[in-house]
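work.csv (CSV, N, CA, C and O atoms and all ligand atoms) appears below.
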chain,number,residue,atom,x,y,z
P,1,MET,N,-3.9,-7.2,-11.0
P,1,MET,CA,-5.2,-7.9,-10.8
P,1,MET,C,-5.1,-9.3,-11.5
P,1,MET,O,-4.6,-9.4,-12.6
P,2,ALA,N,-5.6,-10.3,-10.8
P,2,ALA,CA,-5.6,-11.6,-11.4
P,2,ALA,C,-6.5,-11.7,-12.7
P,2,ALA,O,-7.4,-10.9,-12.9
P,3,TYR,N,-6.0,-12.5,-13.6
P,3,TYR,CA,-6.7,-12.7,-14.9
P,3,TYR,C,-8.1,-13.3,-14.6
P,3,TYR,O,-8.2,-14.3,-13.9
P,4,GLN,N,-9.1,-12.7,-15.2
P,4,GLN,CA,-10.4,-13.3,-15.0
P,4,GLN,C,-11.1,-13.5,-16.4
P,4,GLN,O,-10.8,-12.8,-17.4
P,5,ILE,N,-12.0,-14.5,-16.4
P,5,ILE,CA,-12.6,-14.9,-17.6
P,5,ILE,C,-14.0,-14.1,-17.7
P,5,ILE,O,-14.6,-13.9,-16.7
P,6,THR,N,-14.4,-13.8,-18.9
P,6,THR,CA,-15.7,-13.2,-19.1
P,6,THR,C,-16.8,-14.1,-18.8
P,6,THR,O,-16.9,-15.2,-19.2
P,7,CYS,N,-17.7,-13.6,-18.0
P,7,CYS,CA,-18.9,-14.4,-17.5
P,7,CYS,C,-19.9,-14.5,-18.6
P,7,CYS,O,-20.3,-13.4,-19.2
P,8,PRO,N,-20.4,-15.7,-19.0
P,8,PRO,CA,-21.4,-15.8,-20.1
P,8,PRO,C,-22.7,-15.3,-19.7
P,8,PRO,O,-23.6,-15.0,-20.5
P,9,SER,N,-22.9,-15.1,-18.4
P,9,SER,CA,-24.2,-14.6,-17.9
P,9,SER,C,-24.3,-13.1,-18.0
P,9,SER,O,-25.3,-12.6,-18.5
P,10,CYS,N,-23.3,-12.4,-17.4
P,10,CYS,CA,-23.4,-10.9,-17.4
P,10,CYS,C,-22.4,-10.2,-18.3
P,10,CYS,O,-22.4,-9.0,-18.3
P,11,GLN,N,-21.6,-11.0,-19.0
P,11,GLN,CA,-20.7,-10.5,-20.0
P,11,GLN,C,-19.6,-9.6,-19.4
P,11,GLN,O,-19.0,-8.7,-20.1
P,12,GLN,N,-19.3,-9.7,-18.1
P,12,GLN,CA,-18.3,-9.0,-17.5
P,12,GLN,C,-17.2,-9.9,-17.0
P,12,GLN,O,-17.4,-11.1,-16.8
P,13,GLU,N,-16.0,-9.4,-16.9
P,13,GLU,CA,-14.9,-10.3,-16.5
P,13,GLU,C,-14.9,-10.5,-15.0
P,13,GLU,O,-14.6,-9.6,-14.2
P,14,GLY,N,-15.4,-11.7,-14.6
P,14,GLY,CA,-15.6,-11.9,-13.2
P,14,GLY,C,-15.4,-13.3,-12.7
P,14,GLY,O,-15.8,-13.7,-11.6
P,15,LEU,N,-14.8,-14.2,-13.6
P,15,LEU,CA,-14.7,-15.6,-13.3
P,15,LEU,C,-13.2,-15.9,-13.1
P,15,LEU,O,-12.4,-15.6,-14.0
P,16,ASP,N,-12.8,-16.4,-12.0
P,16,ASP,CA,-11.4,-16.7,-11.6
P,16,ASP,C,-11.1,-18.1,-12.2
P,16,ASP,O,-11.7,-19.1,-11.7
P,17,PRO,N,-10.1,-18.2,-13.1
P,17,PRO,CA,-9.8,-19.6,-13.7
P,17,PRO,C,-9.0,-20.5,-12.7
P,17,PRO,O,-8.7,-21.6,-13.1
P,18,ARG,N,-8.7,-20.0,-11.5
P,18,ARG,CA,-8.0,-20.9,-10.6
P,18,ARG,C,-8.8,-22.0,-10.0
P,18,ARG,O,-8.3,-22.9,-9.4
P,19,PHE,N,-10.1,-21.9,-10.1
P,19,PHE,CA,-11.0,-22.9,-9.5
P,19,PHE,C,-11.7,-23.6,-10.6
P,19,PHE,O,-12.2,-23.1,-11.6
P,20,ALA,N,-11.9,-24.9,-10.3
P,20,ALA,CA,-12.7,-25.8,-11.2
P,20,ALA,C,-14.1,-25.4,-11.2
P,20,ALA,O,-14.9,-25.5,-12.2
P,21,THR,N,-14.6,-24.9,-10.0
P,21,THR,CA,-15.9,-24.4,-9.9
P,21,THR,C,-15.7,-22.9,-9.5
P,21,THR,O,-15.1,-22.6,-8.5
P,22,THR,N,-16.2,-22.0,-10.3
P,22,THR,CA,-15.9,-20.6,-10.1
P,22,THR,C,-17.2,-19.8,-10.0
P,22,THR,O,-18.2,-20.1,-10.7
P,23,THR,N,-17.2,-18.8,-9.2
P,23,THR,CA,-18.4,-17.9,-9.0
P,23,THR,C,-18.1,-16.5,-9.6
P,23,THR,O,-17.1,-15.9,-9.3
P,24,CYS,N,-19.0,-16.0,-10.4
P,24,CYS,CA,-18.9,-14.7,-10.9
P,24,CYS,C,-18.9,-13.6,-9.8
P,24,CYS,O,-19.9,-13.6,-9.0
P,25,VAL,N,-18.0,-12.7,-9.8
P,25,VAL,CA,-18.0,-11.7,-8.7
P,25,VAL,C,-19.0,-10.6,-9.0
P,25,VAL,O,-19.4,-9.9,-8.1
P,26,HIS,N,-19.6,-10.6,-10.2
P,26,HIS,CA,-20.6,-9.6,-10.5
P,26,HIS,C,-22.0,-10.1,-10.3
P,26,HIS,O,-22.8,-9.4,-9.7
P,27,CYS,N,-22.3,-11.3,-10.9
P,27,CYS,CA,-23.7,-11.7,-10.8
P,27,CYS,C,-23.9,-12.9,-9.9
P,27,CYS,O,-25.0,-13.4,-9.8
P,28,ALA,N,-22.8,-13.4,-9.3
P,28,ALA,CA,-22.8,-14.5,-8.3
P,28,ALA,C,-23.3,-15.9,-8.9
P,28,ALA,O,-23.6,-16.8,-8.1
P,29,LYS,N,-23.3,-16.0,-10.2
P,29,LYS,CA,-23.6,-17.3,-10.8
P,29,LYS,C,-22.4,-18.2,-10.7
P,29,LYS,O,-21.3,-17.7,-10.8
P,30,GLN,N,-22.7,-19.5,-10.6
P,30,GLN,CA,-21.6,-20.5,-10.4
P,30,GLN,C,-21.5,-21.3,-11.7
P,30,GLN,O,-22.5,-21.7,-12.3
P,31,PHE,N,-20.2,-21.5,-12.1
P,31,PHE,CA,-20.0,-22.3,-13.3
P,31,PHE,C,-18.9,-23.4,-13.0
P,31,PHE,O,-18.0,-23.1,-12.3
P,32,ASN,N,-19.0,-24.5,-13.7
P,32,ASN,CA,-17.9,-25.5,-13.8
P,32,ASN,C,-17.1,-25.1,-14.9
P,32,ASN,O,-17.6,-24.8,-16.0
P,33,LEU,N,-15.8,-25.0,-14.7
P,33,LEU,CA,-14.8,-24.5,-15.7
P,33,LEU,C,-13.9,-25.6,-16.2
P,33,LEU,O,-13.3,-26.3,-15.4
P,34,VAL,N,-13.9,-25.8,-17.5
P,34,VAL,CA,-13.0,-26.8,-18.1
P,34,VAL,C,-12.2,-26.0,-19.1
P,34,VAL,O,-12.7,-25.2,-19.9
P,35,ALA,N,-10.8,-26.2,-19.1
P,35,ALA,CA,-10.0,-25.5,-20.1
P,35,ALA,C,-9.5,-26.4,-21.2
P,35,ALA,O,-9.3,-27.6,-21.0
P,36,TYR,N,-9.5,-25.8,-22.4
P,36,TYR,CA,-9.1,-26.6,-23.6
P,36,TYR,C,-7.9,-26.0,-24.3
P,36,TYR,O,-7.8,-24.7,-24.2
P,37,CYS,N,-7.2,-26.8,-25.0
P,37,CYS,CA,-6.0,-26.3,-25.7
P,37,CYS,C,-6.5,-25.5,-26.9
P,37,CYS,O,-7.3,-25.9,-27.7
P,38,PRO,N,-5.9,-24.3,-27.1
P,38,PRO,CA,-6.3,-23.5,-28.3
P,38,PRO,C,-5.8,-24.0,-29.6
P,38,PRO,O,-6.3,-23.7,-30.7
P,39,THR,N,-4.8,-25.0,-29.5
P,39,THR,CA,-4.2,-25.5,-30.7
P,39,THR,C,-4.9,-26.8,-31.2
P,39,THR,O,-5.4,-26.9,-32.3
P,40,CYS,N,-5.1,-27.8,-30.2
P,40,CYS,CA,-5.6,-29.1,-30.6
P,40,CYS,C,-7.0,-29.4,-30.0
P,40,CYS,O,-7.6,-30.4,-30.2
P,41,HIS,N,-7.4,-28.5,-29.1
P,41,HIS,CA,-8.7,-28.5,-28.4
P,41,HIS,C,-8.9,-29.7,-27.5
P,41,HIS,O,-10.0,-30.2,-27.2
P,42,ALA,N,-7.8,-30.3,-27.0
P,42,ALA,CA,-7.8,-31.3,-26.0
P,42,ALA,C,-8.0,-30.7,-24.7
P,42,ALA,O,-7.7,-29.5,-24.5
P,43,GLU,N,-8.6,-31.4,-23.7
P,43,GLU,CA,-8.8,-30.9,-22.4
P,43,GLU,C,-7.4,-30.7,-21.7
P,43,GLU,O,-6.6,-31.6,-21.8
P,44,LEU,N,-7.2,-29.6,-21.1
P,44,LEU,CA,-5.9,-29.3,-20.5
P,44,LEU,C,-5.8,-29.8,-19.0
P,44,LEU,O,-6.8,-29.8,-18.3
P,45,GLU,N,-4.6,-30.2,-18.7
P,45,GLU,CA,-4.3,-30.5,-17.3
P,45,GLU,C,-4.0,-29.3,-16.5
P,45,GLU,O,-3.3,-28.4,-17.0
P,46,ARG,N,-4.6,-29.2,-15.3
P,46,ARG,CA,-4.4,-28.0,-14.5
P,46,ARG,C,-3.1,-28.0,-13.7
P,46,ARG,O,-2.8,-29.0,-13.0
P,47,LEU,N,-2.2,-27.1,-13.9
P,47,LEU,CA,-1.0,-27.0,-13.1
P,47,LEU,C,-1.1,-25.9,-12.1
P,47,LEU,O,-1.5,-24.8,-12.4
P,48,GLN,N,-0.7,-26.2,-10.9
P,48,GLN,CA,-0.8,-25.1,-9.9
P,48,GLN,C,0.6,-24.9,-9.3
P,48,GLN,O,1.2,-25.7,-8.8
P,49,ALA,N,1.1,-23.7,-9.5
P,49,ALA,CA,2.5,-23.3,-9.1
P,49,ALA,C,2.4,-21.9,-8.4
P,49,ALA,O,2.1,-21.0,-9.1
P,50,CYS,N,2.7,-21.9,-7.2
P,50,CYS,CA,2.8,-20.6,-6.4
P,50,CYS,C,1.6,-19.8,-6.6
P,50,CYS,O,1.6,-18.5,-6.8
P,51,GLY,N,0.4,-20.4,-6.6
P,51,GLY,CA,-0.8,-19.6,-6.7
P,51,GLY,C,-1.3,-19.3,-8.1
P,51,GLY,O,-2.4,-19.0,-8.3
P,52,ALA,N,-0.3,-19.3,-9.0
P,52,ALA,CA,-0.7,-19.0,-10.4
P,52,ALA,C,-1.0,-20.3,-11.1
P,52,ALA,O,-0.4,-21.3,-10.9
P,53,VAL,N,-2.0,-20.3,-11.9
P,53,VAL,CA,-2.4,-21.5,-12.6
P,53,VAL,C,-2.1,-21.4,-14.1
P,53,VAL,O,-2.4,-20.4,-14.7
P,54,ASP,N,-1.4,-22.4,-14.6
P,54,ASP,CA,-1.3,-22.5,-16.0
P,54,ASP,C,-1.7,-23.9,-16.3
P,54,ASP,O,-2.0,-24.7,-15.5
P,55,TYR,N,-1.8,-24.2,-17.6
P,55,TYR,CA,-2.3,-25.5,-18.0
P,55,TYR,C,-1.3,-26.2,-18.9
P,55,TYR,O,-0.4,-25.6,-19.4
P,56,PHE,N,-1.4,-27.5,-18.9
P,56,PHE,CA,-0.5,-28.3,-19.7
P,56,PHE,C,-1.3,-29.2,-20.7
P,56,PHE,O,-2.3,-29.8,-20.3
P,57,CYS,N,-0.9,-29.1,-22.0
P,57,CYS,CA,-1.6,-30.0,-23.0
P,57,CYS,C,-0.8,-31.2,-23.2
P,57,CYS,O,0.4,-31.2,-23.6
P,58,ASN,N,-1.4,-32.4,-22.9
P,58,ASN,CA,-0.7,-33.6,-23.0
P,58,ASN,C,-0.5,-34.0,-24.5
P,58,ASN,O,0.4,-34.8,-24.8
P,59,SER,N,-1.3,-33.6,-25.4
P,59,SER,CA,-1.2,-33.9,-26.8
P,59,SER,C,-0.1,-33.0,-27.5
P,59,SER,O,0.7,-33.5,-28.3
P,60,CYS,N,-0.1,-31.7,-27.1
P,60,CYS,CA,0.9,-30.9,-27.7
P,60,CYS,C,2.2,-30.9,-26.9
P,60,CYS,O,3.3,-30.4,-27.4
P,61,ASN,N,2.2,-31.5,-25.7
P,61,ASN,CA,3.3,-31.5,-24.8
P,61,ASN,C,3.9,-30.1,-24.5
P,61,ASN,O,5.1,-29.9,-24.6
P,62,SER,N,3.0,-29.2,-24.3
P,62,SER,CA,3.4,-27.8,-24.0
P,62,SER,C,2.5,-27.1,-22.9
P,62,SER,O,1.4,-27.5,-22.7
P,63,MET,N,3.1,-26.1,-22.3
P,63,MET,CA,2.4,-25.3,-21.3
P,63,MET,C,1.5,-24.4,-22.1
P,63,MET,O,1.9,-23.8,-23.1
P,64,ILE,N,0.3,-24.2,-21.5
P,64,ILE,CA,-0.6,-23.2,-22.1
P,64,ILE,C,-0.9,-22.2,-21.0
P,64,ILE,O,-1.3,-22.6,-19.9
P,65,SER,N,-0.7,-20.9,-21.2
P,65,SER,CA,-1.0,-20.0,-20.2
P,65,SER,C,-2.6,-19.8,-20.1
P,65,SER,O,-3.3,-20.1,-21.0
P,66,LYS,N,-3.0,-19.3,-18.9
P,66,LYS,CA,-4.5,-19.2,-18.7
P,66,LYS,C,-5.1,-18.2,-19.6
P,66,LYS,O,-6.3,-18.2,-19.9
P,67,ARG,N,-4.2,-17.3,-20.2
P,67,ARG,CA,-4.8,-16.3,-21.1
P,67,ARG,C,-5.0,-16.9,-22.5
P,67,ARG,O,-5.7,-16.3,-23.3
P,68,GLN,N,-4.2,-18.0,-22.8
P,68,GLN,CA,-4.4,-18.6,-24.1
P,68,GLN,C,-5.4,-19.7,-24.2
P,68,GLN,O,-6.0,-20.0,-25.2
P,69,ALA,N,-5.7,-20.3,-23.0
P,69,ALA,CA,-6.6,-21.4,-22.9
P,69,ALA,C,-8.0,-21.0,-23.4
P,69,ALA,O,-8.4,-19.9,-23.3
P,70,GLU,N,-8.7,-22.0,-23.9
P,70,GLU,CA,-10.1,-21.8,-24.2
P,70,GLU,C,-10.9,-22.4,-23.1
P,70,GLU,O,-10.6,-23.5,-22.7
P,71,TYR,N,-11.9,-21.7,-22.7
P,71,TYR,CA,-12.7,-22.2,-21.5
P,71,TYR,C,-14.1,-22.6,-21.9
P,71,TYR,O,-14.7,-21.9,-22.8
P,72,LYS,N,-14.5,-23.7,-21.3
P,72,LYS,CA,-15.9,-24.0,-21.4
P,72,LYS,C,-16.6,-23.9,-20.1
P,72,LYS,O,-16.1,-24.5,-19.1
P,73,LEU,N,-17.6,-23.1,-20.0
P,73,LEU,CA,-18.3,-22.9,-18.7
P,73,LEU,C,-19.7,-23.5,-18.7
P,73,LEU,O,-20.5,-23.2,-19.6
P,74,THR,N,-19.9,-24.3,-17.7
P,74,THR,CA,-21.2,-24.9,-17.6
P,74,THR,C,-21.9,-24.4,-16.3
P,74,THR,O,-21.3,-24.5,-15.2
P,75,PRO,N,-23.1,-23.8,-16.4
P,75,PRO,CA,-23.7,-23.4,-15.1
P,75,PRO,C,-23.9,-24.5,-14.2
P,75,PRO,O,-24.3,-25.6,-14.6
P,76,VAL,N,-23.7,-24.3,-12.9
P,76,VAL,CA,-23.9,-25.3,-11.9
P,76,VAL,C,-25.4,-25.4,-11.5
P,76,VAL,O,-26.0,-24.4,-11.2
R,101,ZN,ZN,-21.5,-12.7,-14.2
R,102,ZN,ZN,-2.9,-29.2,-27.5

Let's see the structure in the file written out as structure tokens.
Ligand SMILES: [Zn+2]
Ligand SMILES: [Zn+2]
Amino acid sequence: MAYQITCPSCQQEGLDPRFATTTCVHCAKQFNLVAYCPTCHAELERLQACGAVDYFCNSCNSMISKRQAEYKLTPV
């Protein structure tokens, strides 16, 4: 199953990090999703390869997997 982020509204894992705007599969709330580097906390660049999303930190010059990234979710 695809990696999903915990929804701040219903506390269940239901947000897909592949989309900049993501909808919770459990409570149907919509969030804008921004990923940050866990090391330097800079905003990450989204890389899309073969359907899998990973992120790139321009300050650390390294790939960040979606499981490592820190997410900021803003309700739409
Ligand atoms: Zn939810
Ligand atoms: Zn970084």

What are the nearest atom pairs, with distances in Å to one decimal, for all residues of chain P that come at most 7 Å from ligand ZN 101 (chain R), using all atoms listed in the file, set out by chain and rising residue number as CSV?
residue,atom,partner,partner_atom,distance
P:Thr6,C,R:ZN101,ZN,6.7
P:Cys7,CA,R:ZN101,ZN,4.5
P:Pro8,N,R:ZN101,ZN,5.8
P:Ser9,C,R:ZN101,ZN,4.7
P:Cys10,N,R:ZN101,ZN,3.7
P:Gln11,N,R:ZN101,ZN,5.1
P:Gln12,O,R:ZN101,ZN,5.1
P:Glu13,N,R:ZN101,ZN,7.0
P:Gly14,CA,R:ZN101,ZN,6.0
P:Leu15,N,R:ZN101,ZN,6.9
P:Thr23,C,R:ZN101,ZN,6.9
P:Cys24,CA,R:ZN101,ZN,4.7
P:Val25,N,R:ZN101,ZN,5.6
P:His26,C,R:ZN101,ZN,4.7
P:Cys27,N,R:ZN101,ZN,3.7
P:Ala28,N,R:ZN101,ZN,5.1
P:Lys29,N,R:ZN101,ZN,5.5

Nearest to Leu47 in chain P, restricted to only N, CA, C and O atoms and choosing among P:Ala69, P:Ile64, P:Ala20, P:Val76, comes out as P:Ile64

Given a cut-off of 12 Å, what residues near ligand ZN 102 (chain R) show up using only C-alpha atoms and all ligand atoms, put as a PDB file with N, CA, C and O atoms, in the frame of the given file?
ATOM      1  N   ALA P  35     -10.800 -26.200 -19.100  1.00  0.00           N
ATOM      2  CA  ALA P  35     -10.000 -25.500 -20.100  1.00  0.00           C
ATOM      3  C   ALA P  35      -9.500 -26.400 -21.200  1.00  0.00           C
ATOM      4  O   ALA P  35      -9.300 -27.600 -21.000  1.00  0.00           O
ATOM      5  N   TYR P  36      -9.500 -25.800 -22.400  1.00  0.00           N
ATOM      6  CA  TYR P  36      -9.100 -26.600 -23.600  1.00  0.00           C
ATOM      7  C   TYR P  36      -7.900 -26.000 -24.300  1.00  0.00           C
ATOM      8  O   TYR P  36      -7.800 -24.700 -24.200  1.00  0.00           O
ATOM      9  N   CYS P  37      -7.200 -26.800 -25.000  1.00  0.00           N
ATOM     10  CA  CYS P  37      -6.000 -26.300 -25.700  1.00  0.00           C
ATOM     11  C   CYS P  37      -6.500 -25.500 -26.900  1.00  0.00           C
ATOM     12  O   CYS P  37      -7.300 -25.900 -27.700  1.00  0.00           O
ATOM     13  N   PRO P  38      -5.900 -24.300 -27.100  1.00  0.00           N
ATOM     14  CA  PRO P  38      -6.300 -23.500 -28.300  1.00  0.00           C
ATOM     15  C   PRO P  38      -5.800 -24.000 -29.600  1.00  0.00           C
ATOM     16  O   PRO P  38      -6.300 -23.700 -30.700  1.00  0.00           O
ATOM     17  N   THR P  39      -4.800 -25.000 -29.500  1.00  0.00           N
ATOM     18  CA  THR P  39      -4.200 -25.500 -30.700  1.00  0.00           C
ATOM     19  C   THR P  39      -4.900 -26.800 -31.200  1.00  0.00           C
ATOM     20  O   THR P  39      -5.400 -26.900 -32.300  1.00  0.00           O
ATOM     21  N   CYS P  40      -5.100 -27.800 -30.200  1.00  0.00           N
ATOM     22  CA  CYS P  40      -5.600 -29.100 -30.600  1.00  0.00           C
ATOM     23  C   CYS P  40      -7.000 -29.400 -30.000  1.00  0.00           C
ATOM     24  O   CYS P  40      -7.600 -30.400 -30.200  1.00  0.00           O
ATOM     25  N   HIS P  41      -7.400 -28.500 -29.100  1.00  0.00           N
ATOM     26  CA  HIS P  41      -8.700 -28.500 -28.400  1.00  0.00           C
ATOM     27  C   HIS P  41      -8.900 -29.700 -27.500  1.00  0.00           C
ATOM     28  O   HIS P  41     -10.000 -30.200 -27.200  1.00  0.00           O
ATOM     29  N   ALA P  42      -7.800 -30.300 -27.000  1.00  0.00           N
ATOM     30  CA  ALA P  42      -7.800 -31.300 -26.000  1.00  0.00           C
ATOM     31  C   ALA P  42      -8.000 -30.700 -24.700  1.00  0.00           C
ATOM     32  O   ALA P  42      -7.700 -29.500 -24.500  1.00  0.00           O
ATOM     33  N   GLU P  43      -8.600 -31.400 -23.700  1.00  0.00           N
ATOM     34  CA  GLU P  43      -8.800 -30.900 -22.400  1.00  0.00           C
ATOM     35  C   GLU P  43      -7.400 -30.700 -21.700  1.00  0.00           C
ATOM     36  O   GLU P  43      -6.600 -31.600 -21.800  1.00  0.00           O
ATOM     37  N   LEU P  44      -7.200 -29.600 -21.100  1.00  0.00           N
ATOM     38  CA  LEU P  44      -5.900 -29.300 -20.500  1.00  0.00           C
ATOM     39  C   LEU P  44      -5.800 -29.800 -19.000  1.00  0.00           C
ATOM     40  O   LEU P  44      -6.800 -29.800 -18.300  1.00  0.00           O
ATOM     41  N   GLU P  45      -4.600 -30.200 -18.700  1.00  0.00           N
ATOM     42  CA  GLU P  45      -4.300 -30.500 -17.300  1.00  0.00           C
ATOM     43  C   GLU P  45      -4.000 -29.300 -16.500  1.00  0.00           C
ATOM     44  O   GLU P  45      -3.300 -28.400 -17.000  1.00  0.00           O
ATOM     45  N   TYR P  55      -1.800 -24.200 -17.600  1.00  0.00           N
ATOM     46  CA  TYR P  55      -2.300 -25.500 -18.000  1.00  0.00           C
ATOM     47  C   TYR P  55      -1.300 -26.200 -18.900  1.00  0.00           C
ATOM     48  O   TYR P  55      -0.400 -25.600 -19.400  1.00  0.00           O
ATOM     49  N   PHE P  56      -1.400 -27.500 -18.900  1.00  0.00           N
ATOM     50  CA  PHE P  56      -0.500 -28.300 -19.700  1.00  0.00           C
ATOM     51  C   PHE P  56      -1.300 -29.200 -20.700  1.00  0.00           C
ATOM     52  O   PHE P  56      -2.300 -29.800 -20.300  1.00  0.00           O
ATOM     53  N   CYS P  57      -0.900 -29.100 -22.000  1.00  0.00           N
ATOM     54  CA  CYS P  57      -1.600 -30.000 -23.000  1.00  0.00           C
ATOM     55  C   CYS P  57      -0.800 -31.200 -23.200  1.00  0.00           C
ATOM     56  O   CYS P  57       0.400 -31.200 -23.600  1.00  0.00           O
ATOM     57  N   ASN P  58      -1.400 -32.400 -22.900  1.00  0.00           N
ATOM     58  CA  ASN P  58      -0.700 -33.600 -23.000  1.00  0.00           C
ATOM     59  C   ASN P  58      -0.500 -34.000 -24.500  1.00  0.00           C
ATOM     60  O   ASN P  58       0.400 -34.800 -24.800  1.00  0.00           O
ATOM     61  N   SER P  59      -1.300 -33.600 -25.400  1.00  0.00           N
ATOM     62  CA  SER P  59      -1.200 -33.900 -26.800  1.00  0.00           C
ATOM     63  C   SER P  59      -0.100 -33.000 -27.500  1.00  0.00           C
ATOM     64  O   SER P  59       0.700 -33.500 -28.300  1.00  0.00           O
ATOM     65  N   CYS P  60      -0.100 -31.700 -27.100  1.00  0.00           N
ATOM     66  CA  CYS P  60       0.900 -30.900 -27.700  1.00  0.00           C
ATOM     67  C   CYS P  60       2.200 -30.900 -26.900  1.00  0.00           C
ATOM     68  O   CYS P  60       3.300 -30.400 -27.400  1.00  0.00           O
ATOM     69  N   ASN P  61       2.200 -31.500 -25.700  1.00  0.00           N
ATOM     70  CA  ASN P  61       3.300 -31.500 -24.800  1.00  0.00           C
ATOM     71  C   ASN P  61       3.900 -30.100 -24.500  1.00  0.00           C
ATOM     72  O   ASN P  61       5.100 -29.900 -24.600  1.00  0.00           O
ATOM     73  N   SER P  62       3.000 -29.200 -24.300  1.00  0.00           N
ATOM     74  CA  SER P  62       3.400 -27.800 -24.000  1.00  0.00           C
ATOM     75  C   SER P  62       2.500 -27.100 -22.900  1.00  0.00           C
ATOM     76  O   SER P  62       1.400 -27.500 -22.700  1.00  0.00           O
ATOM     77  N   MET P  63       3.100 -26.100 -22.300  1.00  0.00           N
ATOM     78  CA  MET P  63       2.400 -25.300 -21.300  1.00  0.00           C
ATOM     79  C   MET P  63       1.500 -24.400 -22.100  1.00  0.00           C
ATOM     80  O   MET P  63       1.900 -23.800 -23.100  1.00  0.00           O
ATOM     81  N   ILE P  64       0.300 -24.200 -21.500  1.00  0.00           N
ATOM     82  CA  ILE P  64      -0.600 -23.200 -22.100  1.00  0.00           C
ATOM     83  C   ILE P  64      -0.900 -22.200 -21.000  1.00  0.00           C
ATOM     84  O   ILE P  64      -1.300 -22.600 -19.900  1.00  0.00           O
ATOM     85  N   SER P  65      -0.700 -20.900 -21.200  1.00  0.00           N
ATOM     86  CA  SER P  65      -1.000 -20.000 -20.200  1.00  0.00           C
ATOM     87  C   SER P  65      -2.600 -19.800 -20.100  1.00  0.00           C
ATOM     88  O   SER P  65      -3.300 -20.100 -21.000  1.00  0.00           O
ATOM     89  N   GLN P  68      -4.200 -18.000 -22.800  1.00  0.00           N
ATOM     90  CA  GLN P  68      -4.400 -18.600 -24.100  1.00  0.00           C
ATOM     91  C   GLN P  68      -5.400 -19.700 -24.200  1.00  0.00           C
ATOM     92  O   GLN P  68      -6.000 -20.000 -25.200  1.00  0.00           O
ATOM     93  N   ALA P  69      -5.700 -20.300 -23.000  1.00  0.00           N
ATOM     94  CA  ALA P  69      -6.600 -21.400 -22.900  1.00  0.00           C
ATOM     95  C   ALA P  69      -8.000 -21.000 -23.400  1.00  0.00           C
ATOM     96  O   ALA P  69      -8.400 -19.900 -23.300  1.00  0.00           O
ATOM     97  N   GLU P  70      -8.700 -22.000 -23.900  1.00  0.00           N
ATOM     98  CA  GLU P  70     -10.100 -21.800 -24.200  1.00  0.00           C
ATOM     99  C   GLU P  70     -10.900 -22.400 -23.100  1.00  0.00           C
ATOM    100  O   GLU P  70     -10.600 -23.500 -22.700  1.00  0.00           O
TER     101      GLU P  70
END

Could you pull out all residues of range 3-68 of chain P with a DSSP call of strand (DSSP E) and give them as a count of residues only? 30

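The spacing separating CA of Pro17 in chain P from CA of Leu33 in chain P amounts to 7.3 Å.
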
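The space separating atom C of Leu73 in chain P from atom C of Asn32 in chain P comes to 4.9 Å.
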
In Å and to one decimal, atom C of Arg46 in chain P is distant from atom O of Arg18 in chain P by 8.5 Å

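You can rank P:Lys66, P:Val53, P:Pro75, P:Asp16 by their closest distance to Gln30 in chain P using all atoms listed in the file, and at the top of that list sits P:Pro75.
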